[in-house]
>>> print(open('run-v5.txt').read())   # compact mmCIF, C-alpha atoms
# COMPACT_ATOMS: atom_id res chain seq x y z
CA MET O 1 -251.50 25.90 45.19
CA SER O 2 -252.24 28.11 42.30
CA GLU O 3 -255.00 27.16 39.99
CA GLU O 4 -253.55 28.87 36.97
CA PHE O 5 -252.32 27.38 33.72
CA LYS O 6 -250.89 28.55 30.43
CA LEU O 7 -252.91 29.40 27.36
CA GLU O 8 -251.68 30.07 23.88
CA VAL O 9 -253.86 30.96 20.95
CA VAL O 10 -252.17 30.89 17.56
CA ASN O 11 -253.49 31.60 14.12
CA PRO O 12 -251.57 30.99 10.91
CA GLU O 13 -250.26 34.52 10.72
CA LYS O 14 -249.07 35.01 14.26
CA SER O 15 -249.39 34.11 17.89
CA PHE O 16 -252.72 35.70 18.67
CA LEU O 17 -252.79 35.54 22.42
CA SER O 18 -250.56 34.21 25.15
CA LYS O 19 -251.39 34.17 28.82
CA ASP O 20 -250.06 32.28 31.77
CA ASP O 21 -252.58 33.22 34.39
CA VAL O 22 -255.84 31.71 33.21
CA THR O 23 -257.95 29.75 35.63
CA GLU O 24 -260.56 28.35 33.30
CA VAL O 25 -261.21 28.19 29.59
CA VAL O 26 -264.51 27.16 28.05
CA VAL O 27 -264.23 26.07 24.44
CA PRO O 28 -266.95 25.12 21.96
CA ALA O 29 -265.70 21.61 21.19
CA PHE O 30 -267.30 19.67 18.38
CA GLU O 31 -269.39 17.55 20.70
CA GLY O 32 -270.41 20.32 23.03
CA GLU O 33 -268.92 22.99 25.22
CA MET O 34 -266.02 21.91 27.32
CA GLY O 35 -264.58 23.64 30.33
CA ILE O 36 -260.89 23.15 31.00
CA LEU O 37 -259.35 23.63 34.40
CA LYS O 38 -255.85 23.05 35.67
CA ASP O 39 -254.60 19.45 35.60
CA HIS O 40 -257.08 18.39 32.99
CA ILE O 41 -256.15 15.12 31.28
CA SER O 42 -254.20 15.50 28.01
CA ILE O 43 -256.71 15.99 25.29
CA ILE O 44 -256.99 16.82 21.61
CA SER O 45 -260.24 17.99 20.17
CA PHE O 46 -261.52 20.29 17.49
CA LEU O 47 -263.86 23.22 17.61
CA LYS O 48 -267.08 24.23 15.99
CA PRO O 49 -268.13 27.85 15.55
CA GLY O 50 -268.75 29.33 18.95
CA ILE O 51 -267.43 31.43 21.77
CA ILE O 52 -264.26 30.83 23.73
CA LYS O 53 -264.50 32.15 27.27
CA ILE O 54 -261.27 32.78 29.09
CA TYR O 55 -261.36 33.35 32.84
CA SER O 56 -258.47 34.80 34.73
CA LYS O 57 -258.01 36.86 37.85
CA LEU O 58 -258.68 39.95 35.83
CA GLY O 59 -262.05 38.76 34.72
CA GLU O 60 -263.59 37.20 31.69
CA GLU O 61 -262.73 37.55 28.03
CA LYS O 62 -264.76 36.31 25.12
CA TYR O 63 -263.61 35.41 21.65
CA TYR O 64 -265.55 34.26 18.64
CA VAL O 65 -264.02 31.37 16.66
CA GLU O 66 -265.12 29.61 13.52
CA ASP O 67 -262.93 26.56 13.65
CA GLY O 68 -259.85 25.26 15.32
CA ILE O 69 -258.08 22.50 17.17
CA ILE O 70 -257.20 22.45 20.83
CA GLU O 71 -254.50 20.54 22.56
CA PHE O 72 -254.06 20.37 26.31
CA LYS O 73 -250.90 18.88 27.71
CA ASN O 74 -248.92 19.44 30.93
CA ASN O 75 -251.07 22.42 31.85
CA ASN O 76 -250.46 24.03 28.50
CA LEU O 77 -253.50 24.74 26.43
CA SER O 78 -252.91 25.48 22.76
CA ILE O 79 -255.70 26.64 20.53
CA LEU O 80 -255.00 26.63 16.81
CA THR O 81 -257.52 28.50 14.78
CA SER O 82 -257.64 30.28 11.46
CA SER O 83 -260.36 32.73 12.40
CA ILE O 84 -260.66 34.29 15.81
CA PHE O 85 -262.05 37.66 16.88
CA ASN O 86 -262.37 39.43 20.16
CA ILE O 87 -266.06 39.99 20.64
CA LYS O 88 -265.42 43.46 22.02
CA ASP O 89 -263.86 44.45 18.71
CA MET O 90 -266.59 43.06 16.53
CA GLU O 91 -268.79 45.74 15.08
CA LYS O 92 -272.40 45.17 14.39
CA SER O 93 -272.05 45.82 10.67
CA LYS O 94 -269.34 43.18 10.42
CA ILE O 95 -271.43 40.63 12.27
CA ASP O 96 -274.36 41.39 10.00
CA LYS O 97 -272.19 40.84 6.97
CA MET O 98 -270.86 37.52 8.27
CA LEU O 99 -274.38 36.48 9.08
CA ARG O 100 -275.56 37.27 5.57
CA VAL O 101 -272.74 35.28 3.98
CA ALA O 102 -273.45 32.32 6.24
CA GLU O 103 -277.16 32.43 5.48
CA GLU O 104 -276.48 32.46 1.77
CA GLU O 105 -274.26 29.45 2.17
CA THR O 106 -276.75 27.42 4.14
CA ALA O 107 -279.38 28.06 1.49
CA LYS O 108 -277.33 26.17 -1.09
CA ASP O 109 -278.33 22.54 -1.42
CA ASN O 110 -275.04 21.06 -2.55
CA ILE O 111 -273.33 21.14 0.83
CA SER O 112 -272.74 18.16 3.04
CA ASP O 113 -274.70 17.57 6.23
CA GLN O 114 -271.69 18.30 8.38
CA ALA O 115 -270.96 21.57 6.61
CA LYS O 116 -274.58 22.55 6.98
CA TYR O 117 -274.51 21.73 10.67
CA LEU O 118 -271.43 23.89 11.14
CA ILE O 119 -272.91 26.82 9.28
CA ASP O 120 -276.14 26.60 11.23
CA GLN O 121 -274.07 26.68 14.38
CA LYS O 122 -272.28 29.74 13.12
CA ILE O 123 -275.52 31.54 12.40
CA GLU O 124 -276.84 30.74 15.83
CA VAL O 125 -273.73 32.01 17.56
CA LEU O 126 -273.58 35.17 15.47
CA LYS O 127 -277.18 35.86 16.33
CA THR O 128 -276.53 35.58 20.04
CA ILE O 129 -273.61 37.99 19.80
CA ASN O 130 -275.62 40.43 17.82
CA MET H 1 -214.10 54.52 -30.66
CA ALA H 2 -217.26 56.01 -29.29
CA SER H 3 -217.51 59.76 -29.41
CA LEU H 4 -217.44 61.87 -26.28
CA ASP H 5 -221.12 62.55 -26.53
CA ASP H 6 -221.99 58.84 -26.78
CA LEU H 7 -219.89 58.08 -23.75
CA LYS H 8 -221.57 60.81 -21.76
CA LYS H 9 -224.96 59.43 -22.63
CA ARG H 10 -223.95 55.93 -21.66
CA ILE H 11 -222.64 57.07 -18.33
CA ALA H 12 -225.88 58.89 -17.65
CA SER H 13 -227.98 55.86 -18.56
CA VAL H 14 -225.93 53.45 -16.42
CA LYS H 15 -226.20 55.88 -13.54
CA SER H 16 -229.95 56.02 -13.76
CA THR H 17 -230.13 52.23 -13.95
CA GLN H 18 -228.02 52.14 -10.85
CA LYS H 19 -230.46 54.43 -9.12
CA ILE H 20 -233.32 52.09 -9.98
CA THR H 21 -231.52 48.97 -8.80
CA LYS H 22 -230.52 50.73 -5.62
CA ALA H 23 -234.10 51.72 -4.93
CA MET H 24 -235.29 48.19 -5.65
CA LYS H 25 -232.73 46.85 -3.25
CA MET H 26 -233.97 49.13 -0.50
CA VAL H 27 -237.58 48.18 -1.14
CA ALA H 28 -236.66 44.49 -1.15
CA ALA H 29 -234.78 44.91 2.11
CA ALA H 30 -237.78 46.51 3.78
CA LYS H 31 -240.12 43.86 2.41
CA LEU H 32 -237.72 41.12 3.40
CA LYS H 33 -237.85 42.25 6.99
CA ARG H 34 -241.62 42.03 6.94
CA ALA H 35 -241.71 38.70 5.13
CA GLN H 36 -239.18 37.24 7.52
CA ASP H 37 -241.19 38.46 10.48
CA SER H 38 -244.37 36.88 9.25
CA ALA H 39 -242.55 33.67 8.38
CA GLU H 40 -241.29 33.51 11.94
CA LYS H 41 -244.65 34.35 13.41
CA GLY H 42 -246.30 31.69 11.31
CA ARG H 43 -243.98 28.99 12.53
CA PRO H 44 -245.68 28.09 15.86
CA TYR H 45 -248.91 27.29 14.09
CA SER H 46 -247.44 24.87 11.59
CA GLU H 47 -245.22 23.29 14.21
CA LYS H 48 -248.10 22.69 16.60
CA MET H 49 -250.22 21.38 13.77
CA ASN H 50 -247.47 18.98 12.79
CA ASN H 51 -247.09 17.78 16.34
CA ILE H 52 -250.78 17.12 16.79
CA ILE H 53 -250.94 15.22 13.53
CA LEU H 54 -247.96 13.12 14.53
CA ASN H 55 -249.63 12.25 17.81
CA LEU H 56 -252.85 11.47 16.06
CA SER H 57 -251.40 9.29 13.34
CA GLU H 58 -249.54 7.29 15.95
CA GLY H 59 -252.66 6.73 17.95
CA ILE H 60 -254.77 5.71 15.02
CA SER H 61 -256.17 2.26 15.55
CA ASP H 62 -257.17 1.10 12.11
CA LYS H 63 -254.41 1.91 9.64
CA GLU H 64 -256.26 0.32 6.74
CA ASN H 65 -259.20 2.64 6.96
CA ALA H 66 -257.24 5.75 7.79
CA PRO H 67 -258.30 8.86 5.91
CA LYS H 68 -257.01 8.79 2.34
CA LEU H 69 -255.27 12.12 2.73
CA LEU H 70 -252.98 10.46 5.25
CA SER H 71 -252.46 7.04 3.77
CA GLY H 72 -252.86 7.80 0.07
CA THR H 73 -254.90 6.03 -2.54
CA GLY H 74 -252.62 3.03 -2.48
CA LYS H 75 -251.42 3.85 -5.96
CA ASP H 76 -248.46 5.84 -7.19
CA GLN H 77 -249.38 6.51 -10.79
CA ILE H 78 -250.52 10.10 -11.21
CA HIS H 79 -248.38 12.80 -9.68
CA LEU H 80 -249.60 16.31 -9.07
CA CYS H 81 -246.90 18.93 -8.67
CA ILE H 82 -247.55 22.36 -7.26
CA VAL H 83 -244.80 24.67 -8.44
CA MET H 84 -244.74 27.84 -6.40
CA THR H 85 -242.90 30.81 -7.86
CA SER H 86 -243.15 34.57 -7.71
CA ASP H 87 -245.27 36.94 -9.76
CA ARG H 88 -242.47 39.38 -10.39
CA GLY H 89 -239.09 39.00 -11.99
CA LEU H 90 -235.71 40.60 -11.31
CA CYS H 91 -234.98 38.37 -8.37
CA GLY H 92 -231.86 36.54 -9.49
CA GLY H 93 -232.01 32.79 -9.64
CA PHE H 94 -235.06 32.54 -7.40
CA ASN H 95 -237.54 31.29 -9.98
CA SER H 96 -235.03 29.39 -12.10
CA ASN H 97 -233.88 27.39 -9.10
CA ILE H 98 -237.37 26.15 -8.34
CA ILE H 99 -238.02 25.40 -11.99
CA LYS H 100 -234.75 23.51 -12.29
CA GLN H 101 -235.59 21.39 -9.27
CA ALA H 102 -239.09 20.77 -10.57
CA LYS H 103 -237.90 19.88 -14.06
CA SER H 104 -235.44 17.30 -12.84
CA TYR H 105 -238.24 15.77 -10.77
CA PHE H 106 -240.53 15.78 -13.80
CA SER H 107 -238.02 14.02 -16.00
CA ARG H 108 -237.48 11.39 -13.34
CA LEU H 109 -241.22 10.81 -13.19
CA SER H 110 -241.57 10.47 -16.92
CA SER H 111 -238.65 8.05 -17.11
CA GLU H 112 -240.49 5.92 -14.56
CA GLY H 113 -243.58 6.03 -16.71
CA LYS H 114 -245.67 8.04 -14.26
CA GLU H 115 -248.31 10.47 -15.28
CA LEU H 116 -247.73 14.12 -14.48
CA LYS H 117 -250.03 17.02 -13.74
CA ILE H 118 -248.85 20.49 -12.83
CA ILE H 119 -250.43 23.40 -11.03
CA THR H 120 -248.39 26.58 -11.08
CA VAL H 121 -248.75 29.21 -8.40
CA GLY H 122 -247.29 32.53 -9.50
CA SER H 123 -247.04 33.69 -13.07
CA LYS H 124 -243.27 33.45 -13.52
CA GLY H 125 -243.28 29.69 -13.08
CA ASN H 126 -246.09 29.38 -15.55
CA ASP H 127 -244.14 31.41 -18.11
CA GLN H 128 -241.10 29.20 -17.80
CA LEU H 129 -242.88 25.87 -17.72
CA LYS H 130 -245.52 26.34 -20.37
CA ARG H 131 -243.12 25.99 -23.28
CA VAL H 132 -242.04 22.46 -22.42
CA PHE H 133 -244.78 21.21 -20.14
CA GLY H 134 -247.66 23.31 -21.43
CA ASP H 135 -249.97 20.36 -21.96
CA LYS H 136 -249.36 19.11 -18.42
CA ILE H 137 -250.35 22.32 -16.67
CA ILE H 138 -253.91 21.96 -15.50
CA GLU H 139 -254.22 25.17 -13.56
CA ASN H 140 -252.42 28.42 -13.03
CA ILE H 141 -253.06 30.39 -9.88
CA SER H 142 -251.70 33.83 -9.34
CA PHE H 143 -252.03 36.15 -6.37
CA LYS H 144 -250.84 39.30 -8.04
CA ASN H 145 -253.42 41.34 -6.22
CA SER H 146 -252.65 40.34 -2.67
CA LYS H 147 -249.86 42.30 -1.13
CA ASN H 148 -248.63 39.75 1.37
CA ALA H 149 -248.93 36.03 1.59
CA ASN H 150 -252.14 35.42 3.49
CA PHE H 151 -253.88 32.34 4.76
CA PHE H 152 -256.97 33.00 2.71
CA ASP H 153 -255.00 32.51 -0.51
CA ALA H 154 -253.42 29.35 0.84
CA GLU H 155 -256.85 27.98 1.59
CA LYS H 156 -257.93 28.63 -1.97
CA VAL H 157 -255.06 26.57 -3.30
CA SER H 158 -255.64 23.74 -0.87
CA LYS H 159 -259.34 23.67 -1.72
CA ILE H 160 -258.47 23.08 -5.36
CA ILE H 161 -256.04 20.33 -4.41
CA ILE H 162 -258.45 18.56 -2.11
CA GLU H 163 -261.25 18.74 -4.64
CA LYS H 164 -259.05 17.14 -7.26
CA PHE H 165 -257.94 14.50 -4.81
CA GLN H 166 -261.50 13.57 -3.97
CA GLN H 167 -262.28 13.23 -7.65
CA GLU H 168 -259.29 10.89 -7.80
CA GLU H 169 -257.44 12.97 -10.34
CA PHE H 170 -254.08 12.20 -8.75
CA ASP H 171 -252.40 9.91 -6.22
CA VAL H 172 -249.39 11.83 -4.97
CA CYS H 173 -249.03 15.55 -4.48
CA THR H 174 -245.73 17.40 -4.12
CA ILE H 175 -245.10 21.09 -3.63
CA PHE H 176 -242.04 22.94 -4.86
CA PHE H 177 -240.87 26.10 -3.15
CA ASN H 178 -237.76 27.89 -1.96
CA GLN H 179 -236.87 27.57 1.65
CA PHE H 180 -235.43 30.70 3.16
CA LYS H 181 -232.10 30.09 4.81
CA ASN H 182 -230.58 33.53 4.68
CA VAL H 183 -230.45 36.47 2.32
CA ILE H 184 -227.91 34.84 0.03
CA THR H 185 -229.02 31.23 0.25
CA GLN H 186 -232.40 29.87 -0.63
CA ILE H 187 -232.83 26.15 -0.94
CA PRO H 188 -235.31 24.80 -3.46
CA GLN H 189 -237.45 22.19 -1.77
CA ALA H 190 -239.76 19.42 -2.87
CA GLN H 191 -242.21 18.41 -0.19
CA GLN H 192 -244.76 15.68 -0.49
CA ILE H 193 -248.05 16.60 1.14
CA ILE H 194 -250.38 13.84 -0.05
CA PRO H 195 -250.08 11.19 1.25
CA LEU H 196 -248.59 12.82 4.26
CA LYS H 197 -245.00 11.99 4.99
CA THR H 198 -244.32 12.30 8.66
CA GLU H 199 -240.78 13.22 9.44
CA THR H 200 -239.66 10.50 11.76
CA GLY H 201 -236.29 12.13 12.36
CA GLU H 202 -237.37 14.99 14.55
CA LYS H 203 -240.26 13.27 16.20
CA GLU H 204 -240.84 14.54 19.65
CA LYS H 205 -241.70 11.46 21.61
CA SER H 206 -244.40 12.71 23.87
CA GLY H 207 -245.07 9.44 25.58
CA ASP H 208 -248.27 10.48 27.25
CA ASN H 209 -251.61 9.36 26.08
CA TYR H 210 -254.08 11.81 24.79
CA GLU H 211 -257.77 11.63 25.12
CA PHE H 212 -259.45 12.28 21.83
CA GLU H 213 -262.83 13.80 21.48
CA PRO H 214 -264.39 12.72 19.13
CA ASP H 215 -262.20 9.75 18.10
CA GLU H 216 -258.90 9.91 16.24
CA ASP H 217 -260.32 9.14 12.84
CA GLU H 218 -262.82 11.92 12.94
CA ILE H 219 -260.36 14.50 14.16
CA LEU H 220 -257.91 13.45 11.47
CA THR H 221 -260.53 13.73 8.76
CA ASN H 222 -261.13 17.30 9.84
CA LEU H 223 -257.54 18.14 10.51
CA LEU H 224 -255.83 16.91 7.36
CA PRO H 225 -257.38 19.40 4.95
CA LYS H 226 -256.38 22.13 7.37
CA ASN H 227 -252.88 20.75 7.48
CA ILE H 228 -252.63 21.04 3.71
CA SER H 229 -253.62 24.69 3.89
CA THR H 230 -251.05 25.16 6.62
CA GLN H 231 -248.28 23.50 4.63
CA ILE H 232 -249.09 25.58 1.58
CA PHE H 233 -249.24 28.72 3.66
CA LYS H 234 -245.88 27.87 5.15
CA ALA H 235 -244.47 27.37 1.67
CA MET H 236 -245.92 30.71 0.60
CA LEU H 237 -244.35 32.49 3.54
CA GLU H 238 -240.97 30.86 2.96
CA ASN H 239 -241.25 31.68 -0.70
CA SER H 240 -242.01 35.34 -0.19
CA ALA H 241 -239.14 35.74 2.24
CA SER H 242 -236.85 33.94 -0.22
CA GLU H 243 -238.06 36.06 -3.11
CA GLN H 244 -237.27 39.29 -1.33
CA GLY H 245 -233.93 37.94 -0.17
CA ALA H 246 -233.01 36.83 -3.67
CA ARG H 247 -234.13 40.14 -5.11
CA MET H 248 -232.15 42.03 -2.54
CA SER H 249 -228.90 40.26 -3.27
CA ALA H 250 -229.51 40.39 -7.03
CA MET H 251 -230.13 44.11 -6.89
CA ASP H 252 -227.13 44.59 -4.64
CA ASN H 253 -224.99 42.88 -7.27
CA ALA H 254 -226.56 44.93 -10.02
CA THR H 255 -225.87 48.16 -8.16
CA ARG H 256 -222.26 47.18 -7.65
CA ASN H 257 -221.82 46.17 -11.28
CA ALA H 258 -223.33 49.43 -12.42
CA GLY H 259 -220.87 51.29 -10.19
CA GLU H 260 -217.95 49.44 -11.72
CA MET H 261 -219.26 50.17 -15.17
CA VAL H 262 -219.62 53.86 -14.42
CA ASP H 263 -216.02 53.94 -13.20
CA LYS H 264 -214.79 52.24 -16.34
CA LEU H 265 -216.77 54.48 -18.62
CA THR H 266 -215.64 57.58 -16.78
CA ILE H 267 -212.01 56.62 -17.25
CA GLU H 268 -212.64 56.00 -20.91
CA TYR H 269 -214.44 59.32 -21.18
CA ASN H 270 -211.62 61.21 -19.53
CA ARG H 271 -209.03 59.50 -21.70
CA SER H 272 -210.78 60.32 -24.91
CA ARG H 273 -211.35 63.87 -23.76
CA GLN H 274 -207.67 64.17 -23.01
CA ALA H 275 -206.83 62.63 -26.40
CA ALA H 276 -209.07 65.15 -28.11
CA ILE H 277 -207.40 68.03 -26.30
CA THR H 278 -203.94 66.72 -27.13
CA LYS H 279 -204.94 66.30 -30.73
CA GLU H 280 -206.21 69.86 -30.91
CA LEU H 281 -203.03 71.20 -29.31
CA ILE H 282 -200.90 69.30 -31.77
CA GLU H 283 -202.93 70.75 -34.58
CA ILE H 284 -202.56 74.29 -33.26
CA ILE H 285 -198.82 73.92 -32.68
CA SER H 286 -198.11 72.36 -36.04
CA GLY H 287 -200.32 75.03 -37.61
CA ALA H 288 -198.25 77.76 -35.89
CA GLU H 289 -194.96 76.09 -36.88
CA SER H 290 -195.85 75.99 -40.55
CA LEU H 291 -196.34 79.73 -40.64
>>> encode(input="run-v5.txt", output="structure tokens")
Amino acid sequence: MSEEFKLEVVNPEKSFLSKDDVTEVVVPAFEGEMGILKDHISIISFLKPGIIKIYSKLGEEKYYVEDGIIEFKNNNLSILTSSIFNIKDMEKSKIDKMLRVAEEETAKDNISDQAKYLIDQKIEVLKTIN
Amino acid sequence: MASLDDLKKRIASVKSTQKITKAMKMVAAAKLKRAQDSAEKGRPYSEKMNNIILNLSEGISDKENAPKLLSGTGKDQIHLCIVMTSDRGLCGGFNSNIIKQAKSYFSRLSSEGKELKIITVGSKGNDQLKRVFGDKIIENISFKNSKNANFFDAEKVSKIIIEKFQQEEFDVCTIFFNQFKNVITQIPQAQQIIPLKTETGEKEKSGDNYEFEPDEDEILTNLLPKNISTQIFKAMLENSASEQGARMSAMDNATRNAGEMVDKLTIEYNRSRQAAITKELIEIISGAESL
């Protein structure tokens, strides 16, 4: 039996990515990384800044996301996100810029604890990519 | 009767107007294609979002303590209306239709004794509303500088709305926009986004139980602000497609009218030229006869 399932990544502007031969997807869910295999129970969760790893026969692909919601149902995984980038396409200067913006934001003291947590996460992830 | 020279000038000016309207029609047609494409591409996102929210709101255990964005403040006194129009004119009834719809809603509100606040998106709506409802407009947002509708702009609008909601400045929020049906028809729409109205009609009964991680309430709290951005973005996309469609058909009409006018003026020009020639001939002949 094949171990493959369908994946669809959409952002508000278009359908970003659509594959039907993925074997495993690791997503940075809010309460920790979560690996999804075929026949996973139906689940809805949302993402924190992190890296989505997509495994298929052809190998591994990595994407950086800042937020999003995932829904898994009947071996269909949908990821809805407003900001997603292929790590291969991310240039160092761009990462540096994003990092600077995030650091400025975390230095402000009028943000909520949750927002601060998310931004700290973002900084950490950006640093590891860099 | 206008002189030959005047007629000639008029014909020339109508012709050049026709050229402009024709060019505008072509531009609108090209832009319409793009706007329609992005409206179609944006659809899966908002549909999926809607579905997830439906599933979530069904599964929510404690309706009393549900997030306020979903259930509302429990009051129905202050209404916030987001009127979304275009930044440019010359697009037929596009803006007027939205304004008309909004105005009839406003007058219904005021007859019910409700308080009204308006945010206009796009400068044309602001221009039309500020004469009558100037004191009600609390903000005017315009995206003249962005070429296409983008999600970033939608997020800006939704941030303003959510901020105002958290400061309890309003209880109900409705957005007004034109839904794109086809090039000729755009339907002005009023959609309530706070508190969220779930469309029970087209509910896709999924039946299976989801696992939520973390729990429903927390996901909803995070999801609802995003849903507002999504709804506004959807409205912006629909609006930009409608705007181009309306402009295209308006310019098509204008081009046709200009053509008719040129024909009419040309006939008039030829007639008066002929009359002038006949008159001259008569003068010459009667001059020769008198000799």
>>> closest_residue(input="run-v5.txt", among="H:Glu289, H:Asp87, H:Asp263, H:Asp217", to="chain O", atoms="only C-alpha atoms")
H:Asp217
>>> residues_around(input="run-v5.txt", residues="region 127-133 of chain H", least_positions_apart="4", cutoff="10 Å", atoms="all atoms listed in the file", output="mmCIF file with C-alpha atoms, keeping the file's coordinate frame")
data_model
loop_
_atom_site.group_PDB
_atom_site.id
_atom_site.type_symbol
_atom_site.label_atom_id
_atom_site.label_comp_id
_atom_site.auth_asym_id
_atom_site.auth_seq_id
_atom_site.Cartn_x
_atom_site.Cartn_y
_atom_site.Cartn_z
ATOM 1 C CA VAL H 83 -244.800 24.670 -8.440
ATOM 2 C CA ASN H 95 -237.540 31.290 -9.980
ATOM 3 C CA SER H 96 -235.030 29.390 -12.100
ATOM 4 C CA ILE H 99 -238.020 25.400 -11.990
ATOM 5 C CA ALA H 102 -239.090 20.770 -10.570
ATOM 6 C CA LYS H 103 -237.900 19.880 -14.060
ATOM 7 C CA PHE H 106 -240.530 15.780 -13.800
ATOM 8 C CA LEU H 116 -247.730 14.120 -14.480
ATOM 9 C CA LYS H 117 -250.030 17.020 -13.740
ATOM 10 C CA ILE H 118 -248.850 20.490 -12.830
ATOM 11 C CA THR H 120 -248.390 26.580 -11.080
ATOM 12 C CA GLY H 122 -247.290 32.530 -9.500
ATOM 13 C CA SER H 123 -247.040 33.690 -13.070
ATOM 14 C CA ILE H 137 -250.350 22.320 -16.670
#
>>> residues_around(input="run-v5.txt", residues="region 49-58 of chain O", least_positions_apart="5", cutoff="10 Å", atoms="all atoms listed in the file", output="ChimeraX atom specification")
/O:3-5,7,19-30,33-36,63-68,83-87,118-126,129
>>> closest_atom_pairs(input="run-v5.txt", of="chain H", to="chain O", cutoff="9 Å", atoms="all atoms listed in the file", output="CSV")
residue,atom,partner,partner_atom,distance
H:Ser38,CA,O:Glu13,CA,6.5
H:Ala39,CA,O:Glu13,CA,8.1
H:Glu40,CA,O:Lys14,CA,8.3
H:Lys41,CA,O:Lys14,CA,4.5
H:Gly42,CA,O:Glu13,CA,4.9
H:Arg43,CA,O:Pro12,CA,8.0
H:Pro44,CA,O:Val10,CA,7.3
H:Tyr45,CA,O:Pro12,CA,5.6
H:Ser46,CA,O:Pro12,CA,7.4
H:Lys48,CA,O:Leu80,CA,7.9
H:Met49,CA,O:Leu80,CA,7.7
H:Ile52,CA,O:Glu71,CA,7.7
H:Leu56,CA,O:Ile44,CA,8.8
H:Asn150,CA,O:Glu13,CA,7.5
H:Phe151,CA,O:Pro12,CA,6.7
H:Asp208,CA,O:Ser42,CA,7.8
H:Asn209,CA,O:Ser42,CA,6.9
H:Tyr210,CA,O:Ser42,CA,4.9
H:Glu211,CA,O:Ile43,CA,4.5
H:Phe212,CA,O:Ile44,CA,5.2
H:Glu213,CA,O:Ser45,CA,5.1
H:Pro214,CA,O:Ser45,CA,6.8
H:Asp215,CA,O:Ser45,CA,8.7
H:Glu216,CA,O:Ile44,CA,9.0
H:Ile219,CA,O:Phe46,CA,6.8
H:Asn222,CA,O:Phe46,CA,8.2
H:Leu223,CA,O:Ile69,CA,8.0
H:Thr230,CA,O:Pro12,CA,7.3
H:Phe233,CA,O:Pro12,CA,7.9
H:Lys234,CA,O:Pro12,CA,8.7
>>> atom_distance(input="run-v5.txt", atom1="CA of Lys92 (chain O)", atom2="CA of Thr128 (chain O)")
11.9 Å
>>> atom_distance(input="run-v5.txt", atom1="CA of Ala246 (chain H)", atom2="CA of Ile175 (chain H)")
19.8 Å
